[in-house]
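Printed here is entry_0.cif (mmCIF, C-alpha atoms and all ligand atoms):
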```cif
data_protein
loop_
_atom_site.label_atom_id
_atom_site.label_comp_id
_atom_site.auth_asym_id
_atom_site.auth_seq_id
_atom_site.Cartn_x
_atom_site.Cartn_y
_atom_site.Cartn_z
CA MET A 703 -6.20 34.63 -7.34
CA THR A 704 -4.72 31.28 -8.37
CA LEU A 705 -6.65 28.32 -7.03
CA PRO A 706 -4.80 25.53 -5.20
CA VAL A 707 -4.48 21.94 -6.37
CA LEU A 708 -6.92 19.79 -4.41
CA ILE A 709 -5.99 16.33 -3.15
CA ILE A 710 -8.99 14.20 -2.25
CA GLY A 711 -8.01 11.68 0.44
CA GLY A 712 -5.37 11.84 3.17
CA GLY A 713 -4.06 8.26 2.95
CA ILE A 714 -0.46 7.39 2.11
CA ALA A 715 -0.90 8.37 -1.57
CA GLY A 716 -2.71 11.65 -0.85
CA LEU A 717 -0.36 12.78 1.93
CA THR A 718 2.79 11.87 -0.02
CA THR A 719 1.39 13.80 -3.00
CA ALA A 720 0.90 16.79 -0.69
CA VAL A 721 4.53 16.58 0.47
CA ALA A 722 5.68 16.26 -3.15
CA LEU A 723 3.62 19.30 -4.26
CA GLN A 724 5.09 21.23 -1.35
CA HIS A 725 8.56 20.14 -2.52
CA PHE A 726 7.83 21.71 -5.93
CA LYS A 727 6.27 24.80 -4.29
CA ILE A 728 2.80 24.10 -5.71
CA ASP A 729 -0.08 25.31 -3.52
CA PHE A 730 -2.45 22.53 -2.39
CA ARG A 731 -5.15 21.48 0.06
CA VAL A 732 -5.98 17.97 1.23
CA LEU A 733 -9.66 17.06 1.72
CA GLU A 734 -10.04 14.13 4.11
CA ALA A 735 -13.34 12.53 5.09
CA VAL A 736 -12.49 11.39 8.64
CA PRO A 737 -12.11 13.74 11.64
CA GLU A 738 -8.55 12.64 12.42
CA ILE A 739 -5.85 11.35 10.08
CA LYS A 740 -4.18 8.20 11.36
CA GLY A 741 -2.80 5.08 9.75
CA VAL A 742 -5.25 2.20 9.87
CA GLY A 743 -4.07 -1.36 9.34
CA ALA A 744 -1.06 -2.42 11.46
CA GLY A 745 2.26 -2.34 9.57
CA ILE A 746 3.52 -1.76 6.08
CA SER A 747 6.77 -2.31 4.21
CA LEU A 748 8.19 0.32 1.93
CA ALA A 749 10.39 -1.13 -0.79
CA GLY A 750 13.37 0.55 -2.44
CA ASN A 751 11.31 2.38 -5.08
CA ALA A 752 9.13 4.09 -2.44
CA MET A 753 12.14 4.83 -0.23
CA ARG A 754 13.85 6.57 -3.18
CA VAL A 755 10.89 8.96 -3.40
CA MET A 756 10.95 9.44 0.37
CA HIS A 757 14.65 10.27 0.08
CA GLN A 758 13.86 13.01 -2.48
CA LEU A 759 11.21 14.36 -0.11
CA GLY A 760 13.67 14.41 2.82
CA LEU A 761 11.71 11.80 4.81
CA ALA A 762 13.76 8.62 4.27
CA GLU A 763 15.95 8.98 7.36
CA THR A 764 12.96 9.62 9.65
CA ILE A 765 11.15 6.60 8.21
CA LYS A 766 14.24 4.44 8.75
CA ALA A 767 14.61 5.71 12.32
CA GLU A 768 10.93 5.12 13.19
CA GLY A 769 10.69 1.83 11.31
CA HIS A 770 12.92 -1.19 10.92
CA PRO A 771 15.30 -1.95 8.04
CA ILE A 772 14.71 -5.30 6.32
CA SER A 773 17.88 -7.16 5.42
CA ALA A 774 16.29 -10.35 4.05
CA MET A 775 12.96 -11.64 2.78
CA VAL A 776 12.51 -15.29 3.63
CA ILE A 777 9.79 -17.66 2.42
CA GLN A 778 9.44 -20.89 4.40
CA ASP A 779 7.12 -23.89 4.54
CA GLU A 780 5.02 -24.70 7.61
CA ASN A 781 7.92 -26.65 9.17
CA GLY A 782 10.29 -23.70 8.85
CA LYS A 783 12.20 -25.15 5.86
CA THR A 784 13.39 -22.38 3.57
CA ILE A 785 11.76 -22.05 0.16
CA SER A 786 13.54 -18.86 -0.95
CA VAL A 787 15.65 -16.03 0.45
CA MET A 788 16.11 -12.56 -0.96
CA ASP A 789 19.17 -10.69 0.33
CA ALA A 790 17.59 -7.26 0.84
CA GLY A 791 20.80 -5.99 2.46
CA LYS A 792 22.59 -6.58 -0.85
CA LEU A 793 19.89 -4.61 -2.71
CA SER A 794 20.56 -1.74 -0.35
CA ARG A 795 24.37 -1.94 -0.54
CA GLU A 796 24.69 -2.54 -4.29
CA HIS A 797 21.65 -0.72 -5.72
CA GLY A 798 20.71 1.84 -3.07
CA LEU A 799 17.34 0.10 -2.63
CA ASP A 800 16.45 0.27 1.09
CA ASN A 801 13.52 -1.73 2.36
CA VAL A 802 11.88 -0.56 5.59
CA ALA A 803 8.95 -1.94 7.59
CA ILE A 804 7.06 0.58 9.72
CA HIS A 805 3.88 0.89 11.76
CA ARG A 806 1.24 2.61 9.61
CA GLY A 807 0.46 5.05 12.40
CA ALA A 808 4.11 6.13 12.50
CA LEU A 809 4.24 6.58 8.71
CA HIS A 810 1.08 8.70 8.69
CA GLN A 811 2.44 10.82 11.50
CA ILE A 812 5.69 11.45 9.60
CA LEU A 813 3.73 12.54 6.52
CA VAL A 814 1.28 14.73 8.46
CA GLN A 815 4.10 16.40 10.39
CA ALA A 816 5.80 17.32 7.09
CA LEU A 817 2.75 19.41 6.13
CA PRO A 818 1.26 22.67 7.44
CA PRO A 819 -1.84 21.62 9.47
CA GLU A 820 -4.02 24.34 7.92
CA LYS A 821 -3.64 22.69 4.51
CA ILE A 822 -5.27 19.44 5.66
CA LEU A 823 -9.04 19.81 5.88
CA THR A 824 -10.53 16.91 7.86
CA GLN A 825 -14.26 16.10 7.93
CA HIS A 826 -14.40 17.16 4.29
CA LYS A 827 -15.96 14.20 2.52
CA ALA A 828 -16.09 14.67 -1.25
CA ILE A 829 -19.14 13.24 -3.01
CA ASP A 830 -18.92 14.70 -6.50
CA ILE A 831 -16.73 16.63 -8.90
CA GLN A 832 -17.77 19.17 -11.51
CA GLU A 833 -15.45 20.51 -14.18
CA TYR A 834 -15.52 24.05 -15.64
CA PRO A 835 -13.28 25.57 -18.34
CA THR A 836 -11.04 27.25 -15.75
CA HIS A 837 -11.33 25.09 -12.63
CA VAL A 838 -13.05 22.19 -10.85
CA GLU A 839 -15.53 22.19 -7.99
CA ILE A 840 -15.66 19.46 -5.41
CA VAL A 841 -19.04 18.93 -3.82
CA LEU A 842 -18.85 17.95 -0.17
CA GLN A 843 -21.24 15.75 1.78
CA ASN A 844 -22.32 18.75 3.88
CA GLY A 845 -23.42 20.56 0.70
CA ASN A 846 -20.47 22.97 0.57
CA ARG A 847 -18.29 23.28 -2.53
CA VAL A 848 -14.54 23.73 -2.79
CA SER A 849 -12.98 25.25 -5.93
CA ALA A 850 -9.60 24.16 -7.18
CA ALA A 851 -7.32 24.42 -10.20
CA CYS A 852 -7.55 20.64 -10.54
CA ALA A 853 -8.23 17.52 -8.46
CA LEU A 854 -5.86 14.70 -7.54
CA VAL A 855 -8.20 11.90 -6.53
CA ALA A 856 -6.63 9.64 -3.87
CA ASP A 857 -9.66 8.47 -1.90
CA GLY A 858 -8.79 4.79 -1.90
CA ILE A 859 -10.06 1.58 -3.49
CA HIS A 860 -13.74 2.44 -2.90
CA SER A 861 -13.23 5.94 -4.36
CA VAL A 862 -16.52 7.84 -4.54
CA ILE A 863 -15.09 10.17 -7.16
CA ARG A 864 -13.83 7.30 -9.38
CA LYS A 865 -17.35 5.87 -9.27
CA LYS A 866 -18.58 9.18 -10.72
CA LEU A 867 -15.89 9.32 -13.40
CA LEU A 868 -15.78 5.61 -14.25
CA PRO A 869 -18.88 3.89 -12.91
CA LEU A 870 -18.10 0.49 -14.42
CA ALA A 871 -14.77 -0.13 -12.65
CA GLN A 872 -14.86 -3.46 -10.80
CA ILE A 873 -13.57 -4.54 -7.39
CA ARG A 874 -12.30 -8.16 -7.45
CA TYR A 875 -12.20 -10.55 -4.51
CA SER A 876 -8.91 -12.48 -4.44
CA GLY A 877 -10.35 -15.70 -2.93
CA TYR A 878 -8.61 -15.23 0.44
CA THR A 879 -9.27 -13.24 3.54
CA CYS A 880 -6.75 -11.60 5.86
CA TRP A 881 -6.08 -10.80 9.52
CA ARG A 882 -3.41 -8.35 10.61
CA GLY A 883 -1.96 -7.60 14.01
CA ILE A 884 0.76 -5.84 15.99
CA VAL A 885 2.44 -7.57 18.93
CA THR A 886 5.43 -6.89 21.20
CA ASN A 887 8.54 -8.60 19.89
CA THR A 888 9.40 -10.99 22.73
CA TRP A 889 11.19 -13.44 20.40
CA GLY A 890 14.14 -11.24 19.42
CA ILE A 891 13.09 -11.35 15.75
CA GLU A 892 15.40 -9.04 13.84
CA ASN A 893 15.70 -7.45 10.41
CA ALA A 894 14.14 -10.10 8.15
CA ALA A 895 10.60 -10.28 6.78
CA TYR A 896 9.28 -13.85 6.96
CA GLU A 897 6.45 -15.45 5.02
CA THR A 898 5.25 -19.03 5.55
CA TRP A 899 3.29 -20.91 2.91
CA GLY A 900 1.41 -23.95 4.18
CA PRO A 901 -1.88 -25.88 4.00
CA ALA A 902 -3.57 -23.86 6.76
CA GLY A 903 -2.85 -20.57 5.01
CA ARG A 904 -0.14 -17.99 4.64
CA PHE A 905 1.49 -16.25 7.59
CA GLY A 906 3.92 -13.33 7.46
CA TYR A 907 5.74 -11.33 10.12
CA VAL A 908 8.27 -8.53 10.24
CA PRO A 909 9.69 -6.18 12.92
CA VAL A 910 8.37 -2.63 12.44
CA GLY A 911 10.34 -0.62 15.00
CA GLY A 912 9.51 0.23 18.62
CA ASN A 913 10.11 -3.47 19.51
CA LYS A 914 6.88 -4.43 17.74
CA ILE A 915 6.12 -7.06 15.14
CA TYR A 916 3.56 -6.67 12.39
CA TRP A 917 2.01 -9.92 11.19
CA PHE A 918 -0.60 -11.00 8.68
CA ALA A 919 -2.43 -14.26 8.06
CA CYS A 920 -4.28 -15.14 4.83
CA LYS A 921 -6.75 -17.98 4.43
CA ASN A 922 -8.83 -19.13 1.46
CA ALA A 923 -12.51 -18.40 2.16
CA PRO A 924 -15.69 -17.18 0.51
CA ALA A 925 -16.02 -13.39 0.21
CA LYS A 926 -17.46 -11.48 3.19
CA SER A 927 -17.64 -14.64 5.33
CA GLU A 928 -19.15 -13.91 8.75
CA ALA A 929 -17.34 -16.93 10.22
CA MET A 930 -14.01 -15.42 9.15
CA GLN A 931 -14.97 -12.00 10.42
CA ARG A 932 -15.85 -13.48 13.84
CA MET A 933 -12.61 -15.46 14.12
CA THR A 934 -10.93 -14.83 17.52
CA ILE A 935 -7.23 -14.73 18.33
CA LYS A 936 -7.57 -18.20 19.88
CA GLN A 937 -9.26 -19.67 16.81
CA LEU A 938 -6.64 -18.11 14.57
CA ALA A 939 -3.77 -19.45 16.73
CA ASP A 940 -5.43 -22.90 16.61
CA ASN A 941 -5.66 -22.65 12.81
CA PHE A 942 -1.86 -22.15 12.64
CA SER A 943 -1.00 -24.41 15.63
CA LYS A 944 0.99 -26.87 13.45
CA TYR A 945 3.20 -24.13 12.03
CA PHE A 946 6.74 -23.76 13.40
CA HIS A 947 7.69 -21.64 16.43
CA PRO A 948 7.00 -18.75 17.05
CA ILE A 949 4.02 -18.46 14.66
CA PRO A 950 1.29 -19.77 17.02
CA GLU A 951 2.64 -17.62 19.87
CA ILE A 952 2.86 -14.49 17.73
CA ILE A 953 -0.86 -14.86 17.15
CA SER A 954 -1.88 -15.91 20.67
CA GLN A 955 0.10 -13.07 22.33
CA THR A 956 -1.55 -10.40 20.16
CA PRO A 957 -4.07 -8.26 22.05
CA ALA A 958 -7.57 -8.73 20.62
CA SER A 959 -7.79 -4.93 20.19
CA GLU A 960 -4.92 -5.14 17.65
CA LEU A 961 -6.64 -7.64 15.36
CA ILE A 962 -7.85 -6.29 12.01
CA TRP A 963 -9.80 -8.37 9.51
CA SER A 964 -10.54 -7.69 5.85
CA ASP A 965 -11.04 -9.60 2.63
CA ILE A 966 -8.23 -9.17 0.13
CA ILE A 967 -9.55 -7.30 -2.89
CA ASP A 968 -8.13 -5.30 -5.76
CA LEU A 969 -9.37 -3.05 -8.55
CA LYS A 970 -9.55 -4.83 -11.90
CA PRO A 971 -7.14 -2.75 -14.04
CA ILE A 972 -8.87 0.26 -15.57
CA SER A 973 -7.80 1.90 -18.82
CA LYS A 974 -7.98 5.54 -17.78
CA TYR A 975 -6.52 7.59 -14.93
CA ALA A 976 -6.81 11.11 -16.46
CA PHE A 977 -10.21 12.82 -16.76
CA GLY A 978 -9.71 16.43 -17.89
CA LYS A 979 -8.81 18.40 -14.76
CA ALA A 980 -9.00 15.33 -12.49
CA VAL A 981 -6.63 12.41 -12.17
CA LEU A 982 -6.82 9.19 -10.15
CA LEU A 983 -3.89 8.26 -7.89
CA GLY A 984 -2.98 5.46 -5.47
CA ASP A 985 -5.57 2.80 -4.67
CA ALA A 986 -8.31 4.90 -6.31
CA ALA A 987 -6.50 4.21 -9.61
CA HIS A 988 -4.81 0.83 -9.17
CA ALA A 989 -5.51 -0.94 -5.85
CA THR A 990 -3.58 -4.20 -5.82
CA THR A 991 -3.50 -7.32 -3.65
CA PRO A 992 -0.63 -7.05 -1.15
CA ASN A 993 1.39 -10.03 -2.44
CA MET A 994 4.21 -7.91 -3.86
CA GLY A 995 4.06 -5.31 -1.06
CA GLN A 996 3.67 -2.62 -3.72
CA GLY A 997 0.25 -0.99 -3.15
CA ALA A 998 1.38 2.00 -1.15
CA CYS A 999 4.73 2.02 -2.99
CA MET A 1000 2.84 2.59 -6.28
CA GLY A 1001 0.88 5.43 -4.63
CA ILE A 1002 4.19 6.96 -3.50
CA GLU A 1003 5.61 6.68 -7.03
CA ASP A 1004 2.41 8.34 -8.33
CA ALA A 1005 2.85 11.18 -5.84
CA TRP A 1006 6.33 12.04 -7.02
CA LEU A 1007 5.50 11.79 -10.73
CA ILE A 1008 2.30 13.84 -10.62
CA ALA A 1009 3.97 16.62 -8.63
CA ARG A 1010 6.92 16.68 -11.02
CA LEU A 1011 4.64 16.77 -14.08
CA LEU A 1012 2.52 19.59 -12.62
CA HIS A 1013 5.76 21.46 -11.95
CA GLN A 1014 6.92 20.94 -15.56
CA HIS A 1015 3.63 21.59 -17.42
CA THR A 1016 1.40 24.63 -17.03
CA GLN A 1017 -1.45 22.77 -18.80
CA THR A 1018 -2.99 20.49 -16.17
CA GLU A 1019 -4.50 18.21 -18.80
CA THR A 1020 -1.08 17.68 -20.41
CA ALA A 1021 0.42 16.68 -17.05
CA PHE A 1022 -2.46 14.31 -16.33
CA ASN A 1023 -2.34 12.67 -19.77
CA LEU A 1024 1.42 12.15 -19.45
CA PHE A 1025 0.86 10.68 -15.99
CA GLU A 1026 -1.69 8.24 -17.38
CA THR A 1027 0.59 7.16 -20.25
CA GLN A 1028 3.51 6.53 -17.90
CA ARG A 1029 1.58 4.87 -15.08
CA LEU A 1030 -0.87 2.54 -16.85
CA PRO A 1031 1.63 -0.16 -17.97
CA ARG A 1032 3.58 -0.32 -14.71
CA THR A 1033 0.60 -0.32 -12.38
CA HIS A 1034 -1.30 -2.85 -14.52
CA TYR A 1035 1.75 -5.12 -14.41
CA ILE A 1036 1.90 -4.91 -10.60
CA VAL A 1037 -1.85 -5.48 -10.12
CA ASN A 1038 -1.98 -8.48 -12.48
CA THR A 1039 1.27 -10.10 -11.31
CA SER A 1040 0.34 -9.69 -7.66
CA TYR A 1041 -3.11 -11.19 -8.31
CA GLN A 1042 -1.56 -14.31 -9.92
CA LEU A 1043 1.18 -14.59 -7.30
CA GLY A 1044 -1.45 -14.58 -4.55
CA LYS A 1045 -3.29 -17.48 -6.19
CA VAL A 1046 -0.09 -19.57 -6.32
CA ALA A 1047 0.97 -18.66 -2.75
CA GLN A 1048 -2.48 -19.73 -1.48
CA TRP A 1049 -2.46 -23.20 -3.11
CA GLU A 1050 -3.89 -25.75 -0.68
CA ASN A 1051 -3.36 -28.79 -2.90
CA GLN A 1052 -0.38 -30.59 -1.29
CA LEU A 1053 1.08 -31.92 -4.53
CA LEU A 1054 0.91 -28.58 -6.32
CA ALA A 1055 2.36 -26.85 -3.26
CA LYS A 1056 5.30 -29.32 -3.13
CA LEU A 1057 6.01 -28.78 -6.84
CA ARG A 1058 5.82 -25.02 -6.39
CA ASN A 1059 8.20 -25.08 -3.41
CA CYS A 1060 10.66 -27.34 -5.29
CA ALA A 1061 10.64 -25.04 -8.32
CA LEU A 1062 11.27 -21.99 -6.13
CA ARG A 1063 14.08 -23.75 -4.25
CA LEU A 1064 15.77 -24.55 -7.56
CA MET A 1065 15.56 -20.98 -8.82
CA PRO A 1066 18.99 -19.30 -8.42
CA ALA A 1067 18.87 -16.35 -5.99
CA SER A 1068 20.50 -14.19 -8.69
CA VAL A 1069 17.47 -14.61 -11.01
CA ASN A 1070 15.07 -13.50 -8.31
CA GLU A 1071 17.34 -10.61 -7.38
CA LYS A 1072 17.56 -9.39 -10.99
CA GLN A 1073 13.76 -9.33 -11.28
CA VAL A 1074 13.41 -7.37 -8.04
CA VAL A 1075 16.06 -4.84 -9.04
CA LYS A 1076 14.36 -4.40 -12.43
CA LEU A 1077 11.08 -3.69 -10.66
CA LEU A 1078 12.36 -1.33 -7.96
CA ASP A 1079 15.29 0.51 -9.52
CA ILE A 1080 13.34 3.62 -10.59
CA GLU A 1081 14.69 7.02 -11.64
CA VAL A 1082 13.49 9.80 -9.33
CA GLY A 1083 16.04 12.50 -10.21
C1 LIG A 1101 -3.19 -6.67 4.12
C2 LIG A 1101 -2.53 -5.57 3.35
C3 LIG A 1101 -1.16 -5.40 3.44
C4 LIG A 1101 -0.54 -4.41 2.69
N1 LIG A 1101 0.82 -4.29 2.77
C5 LIG A 1101 1.44 -3.39 1.99
C6 LIG A 1101 2.87 -3.26 2.04
O1 LIG A 1101 3.55 -3.94 2.81
N2 LIG A 1101 3.47 -2.34 1.23
C7 LIG A 1101 2.74 -1.55 0.37
O2 LIG A 1101 3.33 -0.75 -0.36
N3 LIG A 1101 1.38 -1.63 0.32
C8 LIG A 1101 0.72 -2.52 1.11
N4 LIG A 1101 -0.64 -2.60 1.08
C9 LIG A 1101 -1.40 -1.68 0.20
C10 LIG A 1101 -1.56 -0.33 0.86
O3 LIG A 1101 -2.14 -0.46 2.14
C11 LIG A 1101 -2.46 0.58 0.00
O4 LIG A 1101 -2.05 0.51 -1.33
C12 LIG A 1101 -2.37 2.02 0.47
O5 LIG A 1101 -2.68 2.16 1.83
C13 LIG A 1101 -3.33 2.87 -0.37
O6 LIG A 1101 -3.18 4.21 -0.02
P1 LIG A 1101 -4.16 5.31 -0.63
O7 LIG A 1101 -3.75 6.58 0.01
O8 LIG A 1101 -4.20 5.20 -2.10
O9 LIG A 1101 -5.61 4.86 -0.14
P2 LIG A 1101 -6.19 4.75 1.34
O10 LIG A 1101 -5.18 4.29 2.29
O11 LIG A 1101 -7.44 3.95 1.24
O12 LIG A 1101 -6.55 6.25 1.73
C14 LIG A 1101 -7.68 6.91 1.21
C15 LIG A 1101 -7.98 8.10 2.11
O13 LIG A 1101 -9.06 8.82 1.54
C16 LIG A 1101 -10.04 9.11 2.52
N5 LIG A 1101 -11.31 9.18 1.83
C17 LIG A 1101 -12.07 8.15 1.36
N6 LIG A 1101 -13.15 8.62 0.73
C18 LIG A 1101 -13.07 9.97 0.78
C19 LIG A 1101 -13.90 11.01 0.28
N7 LIG A 1101 -15.01 10.73 -0.39
N8 LIG A 1101 -13.54 12.29 0.52
C20 LIG A 1101 -12.40 12.59 1.20
N9 LIG A 1101 -11.59 11.63 1.69
C21 LIG A 1101 -11.91 10.34 1.48
C22 LIG A 1101 -9.94 7.94 3.49
O14 LIG A 1101 -10.45 8.27 4.76
C23 LIG A 1101 -8.43 7.69 3.50
O15 LIG A 1101 -7.79 8.49 4.45
C24 LIG A 1101 -1.30 -3.57 1.84
C25 LIG A 1101 -2.69 -3.71 1.77
C26 LIG A 1101 -3.30 -4.70 2.52
C27 LIG A 1101 -4.80 -4.85 2.43
#
```

Using the file provided, produce a representation of the structure as structure tokens.
Amino acid sequence: MTLPVLIIGGGIAGLTTAVALQHFKIDFRVLEAVPEIKGVGAGISLAGNAMRVMHQLGLAETIKAEGHPISAMVIQDENGKTISVMDAGKLSREHGLDNVAIHRGALHQILVQALPPEKILTQHKAIDIQEYPTHVEIVLQNGNRVSAACALVADGIHSVIRKKLLPLAQIRYSGYTCWRGIVTNTWGIENAAYETWGPAGRFGYVPVGGNKIYWFACKNAPAKSEAMQRMTIKQLADNFSKYFHPIPEIISQTPASELIWSDIIDLKPISKYAFGKAVLLGDAAHATTPNMGQGACMGIEDAWLIARLLHQHTQTETAFNLFETQRLPRTHYIVNTSYQLGKVAQWENQLLAKLRNCALRLMPASVNEKQVVKLLDIEVG
């Protein structure tokens, strides 16, 4: 009997990998630690590269219907004065690069519904992996073992399995902490994704479909600050009270139950993703700060590539080594660029911030657009 491919983790990377394996008719199982798979963490935007993969997997139209297309990405200062605008509609029309914002719960549901339920094994927390000449065994927290042809490890930034394979990998704190929320769109905000850079912190908002807005707020703070963790909606709205309309109201109208807090962290780039019959994918391999909106998009790119390589190569190790060679440079670039970008976007020094905003205002839109197209215009044929 041929053993299935095992995916550890049913997040966006793991579930998309499952859909991609299904696309290539490769048998798989997903092991997920929690009892029920659902998207945690408000909204998410999927850029053109991820949407190309979703198109190949037959899910792009559903994602567009459930989410909200983004036609522009606007950066403003705290008074609402524009710093830069990216015409996302043009990227879609001229390069076929669609950008969609969607509630995470909706995205997870679309992915889960594309898969046979019996192939997703919830309450299966992996704690170790053992490799044999012909297969791997995953040790579960309950003491059971699951055998597989190979393991695709997508259990997130705090990956238990990565810690076994690469114990010295380091999580980095970015220097800023983040709140996220979902609120009903009573302001008629349409199509664009907005980000405001100002002295009280960074604030972003975007419609995600279902007449809802997803927002995030980032503030410089020490790591794991209890004061930040305890921050209420009212305190957060007060923090941004001098920012232009409707920012303070977006915060104050958000139900407290919708507020999510977490420090922004990433995984310091690691030099290895392939370990014999196991390979790291998604945040387990290359968790990034969210400044380029590319964390999940990279996991989605991984999903397509690993499935295609497993389809093309009978030797698992060959597929995994090729995956590592192709993914290391691109994912390292994203992680490092995003880390630096976040530092600049979070500048509190007024003079530096003014200089930064001036420089960005002077940059021709075409230069910015070229860089974005270069980043997103991937081949998925
Ligand atoms: C504030 C913020 C905003 C972001 N915005 C964007 C954005 O707009 N666009 C974008 O592309 N990315 C964005 N990201 C990044 C994105 O959220 C992540 O890159 C993505 O969710 C990672 O998916 P994953 O499947 O690799 O990991 P995860 O989402 O962490 O999923 C891992 C899964 O594995 C399971 N698991 C964990 N341990 C085990 C175990 N031992 N055994 C079995 N299962 C296990 C978990 O329960 C979970 O379901 C953002 C991140 C943050 C913090």

Atom-to-atom span, CA of Tyr1035 (chain A) and CA of His725 (chain A), Å: 28.7 Å

Near-ligand residues for ligand LIG 1101 (chain A), threshold 6 Å, all atoms listed in the file, as a PyMOL selection string: chain A and resi 710-716+733-736+746-748+826-829+856-859+861-862+966+984-986+989+992+995-999+1001

Pairwise distance for CA of Trp1049 (chain A) and CA of Glu928 (chain A), rounded to one decimal in Å: 22.5 Å

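The two atoms in question, CA of Ala919 (chain A) and CA of Gly903 (chain A), are spaced 7.0 Å apart.
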
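The shortest atom-to-atom distance to Gly900 (chain A), with only C-alpha atoms taken into account, belongs to A:Ser943 out of A:Gln758, A:Thr719, A:Thr704, A:Ser943.
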
Please identify every residue of region 733-770 of chain A that has at least one atom no farther than 12 Å from an atom of region 956-960 of chain A, counting all atoms listed in the file, and for each give the shortest atom pair and the distance in Å to one decimal, arranged by chain then increasing number, as JSON lines.
```
{"residue": "A:Val742", "atom": "CA", "partner": "A:Glu960", "partner_atom": "CA", "distance": 10.7}
{"residue": "A:Gly743", "atom": "CA", "partner": "A:Glu960", "partner_atom": "CA", "distance": 9.2}
{"residue": "A:Ala744", "atom": "CA", "partner": "A:Glu960", "partner_atom": "CA", "distance": 7.8}
{"residue": "A:Gly745", "atom": "CA", "partner": "A:Glu960", "partner_atom": "CA", "distance": 11.2}
```

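Closest approach to His837 (chain A) among A:Lys766, A:Lys979, A:Lys970, A:Arg904: A:Lys979, based on only C-alpha atoms.
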
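Proximity ranking of A:Val1082, A:Met753, A:Ala923, A:Ile1002 relative to Tyr875 (chain A) places A:Ala923 first, based on only C-alpha atoms.
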
Nearby residues (all atoms listed in the file) at most 12 Å from Leu870 (chain A), same-chain spacing under 6 positions excluded, as a PyMOL selection string: chain A and resi 864+969-974

Shortest interatomic distance to Ser927 (chain A) - which of A:Asp779, A:Glu1081, A:Asp965, A:Asp789, counting all atoms listed in the file: A:Asp965

Option closest in space to Ile1036 (chain A), from A:Trp889, A:Gly912, A:Met1000, A:Pro737 [counting all atoms listed in the file]: A:Met1000

Closest of A:His988, A:Gly791, A:Ile812, A:Leu854 to Leu1030 (chain A) - atom-to-atom distances counting all atoms listed in the file: A:His988

Env of Thr1039 (chain A): 9 Å cut, atoms = only C-alpha atoms, seq-sep filter 4 positions within chain, self excluded. Answer as an mmCIF file with C-alpha atoms, in the frame of the given file.
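To be explicit, this is the file written out as part_18.cif:
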```
data_model
loop_
_atom_site.group_PDB
_atom_site.id
_atom_site.type_symbol
_atom_site.label_atom_id
_atom_site.label_comp_id
_atom_site.auth_asym_id
_atom_site.auth_seq_id
_atom_site.Cartn_x
_atom_site.Cartn_y
_atom_site.Cartn_z
ATOM 1 C CA ASN A 993 1.390 -10.030 -2.440
ATOM 2 C CA MET A 994 4.210 -7.910 -3.860
ATOM 3 C CA HIS A 1034 -1.300 -2.850 -14.520
ATOM 4 C CA TYR A 1035 1.750 -5.120 -14.410
ATOM 5 C CA LEU A 1043 1.180 -14.590 -7.300
ATOM 6 C CA GLY A 1044 -1.450 -14.580 -4.550
#
```

Surrounding residues of Val848 (chain A) excluding itself and chain neighbours under 3 positions, 9 Å, only C-alpha atoms, as a PyMOL selection string: chain A and resi 708+838-842

Dig up all the protein and nucleic acid residues within 9 Å of (5.2, 12.2, -13.3) in the file frame, using all atoms listed in the file, and format them as a CSV table (one decimal) with C-alpha atoms, in the coordinates of the input.
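The resulting part.csv:
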```csv
chain,number,residue,atom,x,y,z
A,1003,GLU,CA,5.6,6.7,-7.0
A,1004,ASP,CA,2.4,8.3,-8.3
A,1005,ALA,CA,2.8,11.2,-5.8
A,1006,TRP,CA,6.3,12.0,-7.0
A,1007,LEU,CA,5.5,11.8,-10.7
A,1008,ILE,CA,2.3,13.8,-10.6
A,1009,ALA,CA,4.0,16.6,-8.6
A,1010,ARG,CA,6.9,16.7,-11.0
A,1011,LEU,CA,4.6,16.8,-14.1
A,1012,LEU,CA,2.5,19.6,-12.6
A,1021,ALA,CA,0.4,16.7,-17.0
A,1022,PHE,CA,-2.5,14.3,-16.3
A,1024,LEU,CA,1.4,12.2,-19.4
A,1025,PHE,CA,0.9,10.7,-16.0
A,1026,GLU,CA,-1.7,8.2,-17.4
A,1028,GLN,CA,3.5,6.5,-17.9
A,1029,ARG,CA,1.6,4.9,-15.1
```
